[in-house]
file input-v2.cif (mmCIF, C-alpha atoms)
data_protein
#
loop_
_atom_site.label_atom_id
_atom_site.label_comp_id
_atom_site.auth_asym_id
_atom_site.auth_seq_id
_atom_site.Cartn_x
_atom_site.Cartn_y
_atom_site.Cartn_z
CA THR A 42 -76.02 62.29 -2.57
CA GLU A 43 -79.39 64.03 -2.75
CA LYS A 44 -80.58 61.69 -5.52
CA GLY A 45 -79.48 58.61 -3.59
CA ILE A 46 -77.20 55.78 -4.63
CA ASN A 47 -77.20 54.31 -8.13
CA LEU A 48 -75.18 51.12 -8.49
CA ASP A 49 -74.95 48.20 -10.94
CA GLY A 50 -73.05 45.14 -9.82
CA LYS A 51 -72.88 41.38 -10.01
CA SER A 52 -74.04 38.89 -7.42
CA LYS A 53 -72.01 35.80 -6.60
CA THR A 54 -75.25 33.83 -6.26
CA PRO A 55 -76.31 32.36 -9.64
CA GLY A 56 -79.46 34.08 -10.84
CA ASP A 57 -81.26 30.96 -12.06
CA ILE A 58 -80.93 28.47 -9.18
CA TRP A 59 -84.01 29.61 -7.29
CA ASN A 60 -86.36 26.71 -6.55
CA GLY A 61 -83.92 24.38 -8.32
CA ARG A 62 -84.68 25.49 -11.84
CA LEU A 63 -81.65 26.63 -13.88
CA ASP A 64 -84.08 28.15 -16.37
CA GLY A 65 -81.56 30.59 -17.84
CA ASP A 66 -83.19 33.65 -16.26
CA LYS A 67 -80.19 35.34 -14.63
CA GLU A 68 -81.92 38.60 -13.69
CA GLU A 69 -81.35 38.05 -9.98
CA ALA A 70 -77.59 37.80 -10.58
CA THR A 71 -77.49 41.54 -11.35
CA VAL A 72 -77.53 43.87 -8.35
CA MET A 73 -79.25 47.13 -9.24
CA PHE A 74 -79.70 50.14 -6.95
CA ARG A 75 -81.66 53.20 -8.08
CA GLY A 76 -82.20 56.07 -5.68
CA THR A 77 -80.78 53.92 -2.84
CA GLU A 78 -83.50 51.34 -3.47
CA LEU A 79 -82.59 47.75 -4.31
CA LEU A 80 -84.51 46.84 -7.47
CA SER A 81 -82.98 43.44 -8.30
CA GLY A 82 -80.24 41.06 -7.29
CA VAL A 83 -79.05 39.28 -4.17
CA LEU A 84 -76.77 41.00 -1.69
CA ASP A 85 -74.08 38.47 -0.82
CA LYS A 86 -70.30 38.16 -0.55
CA ALA A 87 -69.77 40.05 -3.83
CA SER A 88 -71.61 43.07 -2.41
CA PHE A 89 -70.34 43.11 1.16
CA GLY A 90 -66.87 41.63 0.70
CA ALA A 91 -63.65 42.87 -0.89
CA GLU A 92 -64.99 42.74 -4.44
CA THR A 93 -64.83 45.23 -7.29
CA ALA A 94 -68.03 47.27 -7.82
CA GLY A 95 -69.53 46.04 -4.55
CA ILE A 96 -71.22 48.18 -1.91
CA THR A 97 -68.08 48.27 0.23
CA HIS A 98 -65.99 49.34 -2.77
CA MET A 99 -68.50 52.08 -3.57
CA CYS A 100 -68.50 53.39 0.02
CA PHE A 101 -64.70 53.58 0.04
CA GLU A 102 -64.48 55.36 -3.32
CA LEU A 103 -67.24 57.90 -2.65
CA LEU A 104 -67.13 58.41 1.12
CA GLY A 105 -63.59 57.50 2.15
CA GLY A 106 -61.94 54.90 4.33
CA HIS A 107 -63.42 56.06 7.65
CA LEU A 108 -67.03 55.73 6.53
CA ALA A 109 -66.26 52.44 4.78
CA SER A 110 -64.95 51.18 8.13
CA LEU A 111 -68.16 52.31 9.85
CA TRP A 112 -70.18 50.56 7.15
CA LEU A 113 -68.34 47.27 7.69
CA SER A 114 -68.72 47.51 11.47
CA GLY A 115 -72.44 48.21 11.10
CA ILE A 116 -73.20 45.28 8.82
CA ALA A 117 -71.09 42.97 11.00
CA ARG A 118 -73.29 43.83 14.00
CA LEU A 119 -76.41 43.44 11.87
CA PHE A 120 -75.43 40.00 10.59
CA THR A 121 -74.44 38.84 14.07
CA LEU A 122 -77.84 39.92 15.41
CA LEU A 123 -79.60 38.15 12.54
CA LEU A 124 -77.77 34.90 13.26
CA GLN A 125 -78.64 35.18 16.96
CA MET A 126 -82.31 35.76 16.16
CA ARG A 127 -82.79 33.22 13.36
CA GLY A 128 -79.73 30.98 13.35
CA PHE A 129 -78.34 29.06 10.40
CA THR A 130 -78.01 25.32 10.35
CA CYS A 131 -77.76 22.46 7.88
CA ALA A 132 -79.95 19.37 8.05
CA TYR A 133 -79.54 15.91 6.57
CA GLU A 134 -82.38 16.71 4.18
CA ASP A 135 -80.18 19.39 2.58
CA LEU A 136 -77.85 16.65 1.32
CA VAL A 137 -80.41 14.17 -0.07
CA LEU A 138 -80.90 13.96 -3.83
CA ARG A 139 -84.24 13.61 -5.59
CA PRO A 140 -84.98 9.94 -6.54
CA GLU A 141 -84.76 10.56 -10.30
CA ILE A 142 -81.43 12.39 -9.90
CA ASP A 143 -80.08 9.63 -7.66
CA GLU A 144 -80.89 7.09 -10.38
CA ILE A 145 -78.85 9.11 -12.86
CA ARG A 146 -75.98 9.32 -10.36
CA THR A 147 -76.10 5.56 -9.75
CA GLY A 148 -76.01 4.92 -13.49
CA LEU A 149 -72.94 7.13 -13.89
CA VAL A 150 -71.19 5.31 -11.03
CA LYS A 151 -71.81 1.95 -12.72
CA GLN A 152 -70.56 3.28 -16.06
CA ALA A 153 -67.44 4.64 -14.35
CA ARG A 154 -66.65 1.21 -12.89
CA VAL A 155 -66.90 -0.43 -16.31
CA ALA A 156 -64.74 2.31 -17.84
CA ALA A 157 -62.12 1.83 -15.10
CA ILE A 158 -61.83 -1.88 -15.97
CA GLU A 159 -61.41 -1.03 -19.66
CA VAL A 160 -58.69 1.50 -18.82
CA ALA A 161 -56.88 -1.06 -16.67
CA GLN A 162 -57.00 -3.60 -19.51
CA THR A 163 -55.58 -1.08 -21.96
CA TRP A 164 -52.79 -0.20 -19.51
CA ILE A 165 -51.83 -3.82 -18.88
CA HIS A 166 -51.77 -4.74 -22.59
CA LYS A 167 -49.63 -1.68 -23.39
CA HIS A 168 -46.94 -2.37 -20.79
CA ASP A 169 -47.11 -6.19 -20.79
CA PRO A 170 -48.39 -7.40 -24.20
CA MET A 171 -47.69 -11.06 -23.32
CA THR A 172 -50.26 -11.08 -20.50
CA GLN A 173 -53.32 -13.22 -21.24
CA LEU A 174 -56.57 -11.94 -19.76
CA PRO A 175 -60.05 -13.53 -19.84
CA ALA A 176 -62.64 -12.14 -22.26
CA LYS A 177 -64.40 -10.42 -19.35
CA PRO A 178 -61.74 -9.99 -16.66
CA THR A 179 -62.64 -9.27 -13.07
CA LEU A 180 -60.81 -6.81 -10.85
CA GLN A 181 -59.08 -9.77 -9.21
CA ASP A 182 -57.77 -10.90 -12.62
CA LEU A 183 -56.50 -7.42 -13.40
CA SER A 184 -54.84 -6.99 -10.01
CA LYS A 185 -53.06 -10.32 -10.37
CA ALA A 186 -51.88 -9.54 -13.91
CA SER A 187 -50.57 -6.10 -12.95
CA LYS A 188 -48.58 -7.17 -9.89
CA GLY A 189 -45.21 -6.64 -11.58
CA LEU A 190 -46.21 -3.37 -13.24
CA PHE A 191 -46.76 -1.65 -9.90
CA GLN A 192 -43.04 -1.93 -9.21
CA GLN A 193 -42.24 0.45 -12.08
CA LYS A 194 -42.69 4.16 -11.44
CA GLU A 195 -43.28 5.13 -15.09
CA THR A 196 -46.04 2.59 -15.62
CA VAL A 197 -47.81 3.65 -12.42
CA GLU A 198 -47.72 7.29 -13.49
CA HIS A 199 -49.15 6.29 -16.88
CA LEU A 200 -52.00 4.45 -15.13
CA GLU A 201 -52.76 7.47 -12.97
CA GLY A 202 -52.98 9.71 -16.02
CA LEU A 203 -55.31 7.31 -17.82
CA VAL A 204 -57.61 6.75 -14.83
CA ILE A 205 -57.85 10.38 -13.75
CA GLY A 206 -58.45 11.56 -17.32
CA LYS A 207 -61.24 9.03 -17.87
CA MET A 208 -62.86 9.43 -14.46
CA LYS A 209 -63.00 13.23 -14.72
CA GLU A 210 -65.62 12.81 -17.44
CA PHE A 211 -67.87 10.93 -15.02
CA TRP A 212 -67.10 13.19 -12.05
CA SER A 213 -68.01 16.28 -14.08
CA GLY A 214 -71.18 14.69 -15.42
CA MET A 215 -72.22 13.58 -11.95
CA ILE A 216 -71.62 16.99 -10.40
CA ASN A 217 -73.45 18.85 -13.16
CA LYS A 218 -76.48 16.56 -12.90
CA CYS A 219 -76.73 16.70 -9.11
CA ILE A 220 -75.63 20.23 -8.18
CA PRO A 221 -77.17 22.72 -7.67
CA ILE A 222 -80.62 21.50 -8.78
CA GLY A 223 -80.63 17.84 -7.81
CA GLN A 224 -81.23 18.18 -4.08
CA ARG A 225 -84.61 17.33 -2.61
CA LEU A 226 -84.76 20.78 -1.01
CA PRO A 227 -84.16 23.58 -3.54
CA VAL A 228 -82.39 26.88 -2.97
CA PRO A 229 -83.03 28.99 -0.90
CA ARG A 230 -84.69 26.54 1.52
CA ASN A 231 -81.64 24.30 1.23
CA CYS A 232 -79.25 25.90 3.73
CA PHE A 233 -76.22 23.83 2.72
CA ALA A 234 -76.61 24.64 -0.99
CA SER A 235 -77.32 28.29 -0.21
CA MET A 236 -74.12 28.51 1.85
CA VAL A 237 -72.07 27.14 -1.07
CA GLN A 238 -73.81 28.93 -3.94
CA THR A 239 -73.62 32.36 -2.30
CA GLY A 240 -69.89 31.95 -1.71
CA ALA A 241 -70.17 32.10 2.08
CA LYS A 242 -68.31 28.84 2.72
CA GLY A 243 -67.31 25.75 0.79
CA SER A 244 -67.23 25.01 -2.91
CA LYS A 245 -69.09 22.95 -5.48
CA VAL A 246 -66.43 20.25 -5.13
CA ASN A 247 -66.99 20.04 -1.36
CA GLN A 248 -70.74 19.77 -1.89
CA SER A 249 -70.30 17.07 -4.53
CA GLN A 250 -68.17 14.94 -2.19
CA VAL A 251 -71.02 15.03 0.32
CA SER A 252 -74.00 14.47 -2.00
CA CYS A 253 -72.62 12.78 -5.13
CA CYS A 254 -69.33 10.90 -4.98
CA LEU A 255 -67.91 10.61 -1.49
CA GLY A 256 -64.22 9.75 -1.40
CA GLN A 257 -60.75 10.93 -2.26
CA GLN A 258 -60.53 10.26 -5.99
CA GLU A 259 -57.60 12.57 -6.56
CA LEU A 260 -54.88 13.88 -4.27
CA GLU A 261 -52.75 16.76 -5.59
CA GLY A 262 -53.26 15.62 -9.18
CA ARG A 263 -52.50 11.95 -8.50
CA LEU A 264 -54.32 8.87 -7.26
CA PRO A 265 -54.04 8.11 -3.52
CA PRO A 266 -50.62 6.45 -3.05
CA LEU A 267 -50.22 2.80 -2.10
CA MET A 268 -48.93 1.80 1.32
CA ALA A 269 -46.14 -0.69 1.92
CA THR A 270 -48.77 -3.44 1.77
CA SER A 271 -49.65 -2.40 -1.84
CA ARG A 272 -53.05 -1.18 -0.69
CA SER A 273 -54.40 2.36 -0.90
CA LEU A 274 -56.32 1.68 2.35
CA PRO A 275 -56.49 -1.41 4.59
CA CYS A 276 -60.04 -2.12 3.37
CA PHE A 277 -58.97 -2.37 -0.31
CA ALA A 278 -57.44 -5.37 -2.08
CA VAL A 279 -53.75 -5.56 -2.97
CA ASN A 280 -53.03 -3.62 -6.20
CA ASP A 281 -56.70 -2.67 -6.44
CA LEU A 282 -57.39 -1.22 -9.92
CA SER A 283 -60.97 -0.17 -9.26
CA ASN A 284 -61.91 3.50 -9.57
CA ARG A 285 -62.97 3.93 -5.96
#
call {"tool": "encode", "arguments": {"input": "input-v2.cif", "output": "structure tokens"}}
result
Amino acid sequence: TEKGINLDGKSKTPGDIWNGRLDGDKEEATVMFRGTELLSGVLDKASFGAETAGITHMCFELLGGHLASLWLSGIARLFTLLLQMRGFTCAYEDLVLRPEIDEIRTGLVKQARVAAIEVAQTWIHKHDPMTQLPAKPTLQDLSKASKGLFQQKETVEHLEGLVIGKMKEFWSGMINKCIPIGQRLPVPRNCFASMVQTGAKGSKVNQSQVSCCLGQQELEGRLPPLMATSRSLPCFAVNDLSNR
């Protein structure tokens, strides 16, 4: 139009993650065009992709399918040229946490291990009240006492529910403390975090398994199954009740 394009939309990139702050200022999460000039916001997947109230959506509604196709072809060439000129790569530094954040993460890991032992004790006493355990049982004591319980499907499912329910509290706390503001390099200099936060590729869960709590804690809503040797992996003990 003669007056240009006026558009209000939402960005997929959180507005308050810049420089690792989370200060509550979400102004940059609102995309605002006035007279075809971008006044605020970040142009990302929500603007260029198949999203409601994005630039592509606007082009299709106002100008038709043919021009929307030309628009998509044009930005595809532009982005390809940009990648060829500047490139995009992730470094090991993108994954490293700040020392004070890593201390918090380590503390949560230790608390989770203690909580897992308490859950295992509760489970054993519920399904086998006659079992005598030491005042401060070790994982070896718990594994030995629970040997017969692992042969019963219902008791194993009860254990999985208890462990996953308790561990989710620590997983959530760990993720919220570390991502997206716990990395040594803040957004937007952190390429890995920028890739996830803008919605280009990956998710917060993927990022957390790299930077916070590496491992398969949950598989399709259940704990990793035991093999015929009663181990979840060859490197773990038989009937291991730890939260790893």
call {"tool": "atom_distance", "arguments": {"input": "input-v2.cif", "atom1": "atom CA of A:Cys254", "atom2": "atom CA of A:Thr196"}}
result
26.9 Å
call {"tool": "closest_residue", "arguments": {"input": "input-v2.cif", "among": "A:Asn247, A:Ser187, A:Ser88, A:Ser52", "to": "A:Lys167", "atoms": "all atoms listed in the file"}}
result
A:Ser187
call {"tool": "residues_around", "arguments": {"input": "input-v2.cif", "residues": "A:Leu180", "least_positions_apart": "4", "cutoff": "9 Å", "atoms": "all atoms listed in the file", "output": "list in words"}}
result
Ile158, Ser184, Lys185, Asp281, Leu282 and Ser283 of chain A
call {"tool": "residues_around", "arguments": {"input": "input-v2.cif", "residues": "stretch 123-134 of chain A", "least_positions_apart": "5", "cutoff": "8 Å", "atoms": "all atoms listed in the file", "output": "mmCIF file with C-alpha atoms, in the coordinates of the input"}}
result
data_model
loop_
_atom_site.group_PDB
_atom_site.id
_atom_site.type_symbol
_atom_site.label_atom_id
_atom_site.label_comp_id
_atom_site.auth_asym_id
_atom_site.auth_seq_id
_atom_site.Cartn_x
_atom_site.Cartn_y
_atom_site.Cartn_z
ATOM 1 C CA ARG A 225 -84.610 17.330 -2.610
ATOM 2 C CA LEU A 226 -84.760 20.780 -1.010
ATOM 3 C CA ASN A 231 -81.640 24.300 1.230
ATOM 4 C CA CYS A 232 -79.250 25.900 3.730
ATOM 5 C CA PHE A 233 -76.220 23.830 2.720
#
call {"tool": "atom_distance", "arguments": {"input": "input-v2.cif", "atom1": "atom CA of A:Pro227", "atom2": "atom CA of A:Asn60"}}
result
4.9 Å
call {"tool": "closest_residue", "arguments": {"input": "input-v2.cif", "among": "A:Gly65, A:Gly95, A:Gly90, A:Gly189", "to": "A:Gly50", "atoms": "all atoms listed in the file"}}
result
A:Gly95
call {"tool": "closest_residue", "arguments": {"input": "input-v2.cif", "among": "A:Arg230, A:His166, A:His98, A:His199", "to": "A:Leu264", "atoms": "all atoms listed in the file"}}
result
A:His199
call {"tool": "residues_near_point", "arguments": {"input": "input-v2.cif", "point": "(-86.4, 13.6, -7.2)", "cutoff": "9 Å", "atoms": "only C-alpha atoms", "output": "PyMOL selection string"}}
result
chain A and resi 138-143+223-225
call {"tool": "resolve_selection", "arguments": {"input": "input-v2.cif", "expression": "the PyMOL selection byres ((chain A and resi 80) around 12)", "output": "MDAnalysis selection string"}}
result
chainID A and resid 46:50 68:79 81:84
call {"tool": "closest_residue", "arguments": {"input": "input-v2.cif", "among": "A:Leu203, A:Val228, A:Val279, A:Leu103", "to": "A:Asp57", "atoms": "all atoms listed in the file"}}
result
A:Val228
call {"tool": "residues_around", "arguments": {"input": "input-v2.cif", "residues": "A:Val204", "least_positions_apart": "2", "cutoff": "12 Å", "atoms": "only C-alpha atoms", "output": "ChimeraX atom specification"}}
result
/A:153-164,197-202,206-212,258-259,262-265,282-285
call {"tool": "closest_residue", "arguments": {"input": "input-v2.cif", "among": "A:Ala269, A:Val246, A:Ala176, A:Ile145", "to": "A:Gln192", "atoms": "all atoms listed in the file"}}
result
A:Ala269
call {"tool": "atom_distance", "arguments": {"input": "input-v2.cif", "atom1": "atom CA of A:Ser271", "atom2": "atom CA of A:Leu149"}}
result
27.9 Å
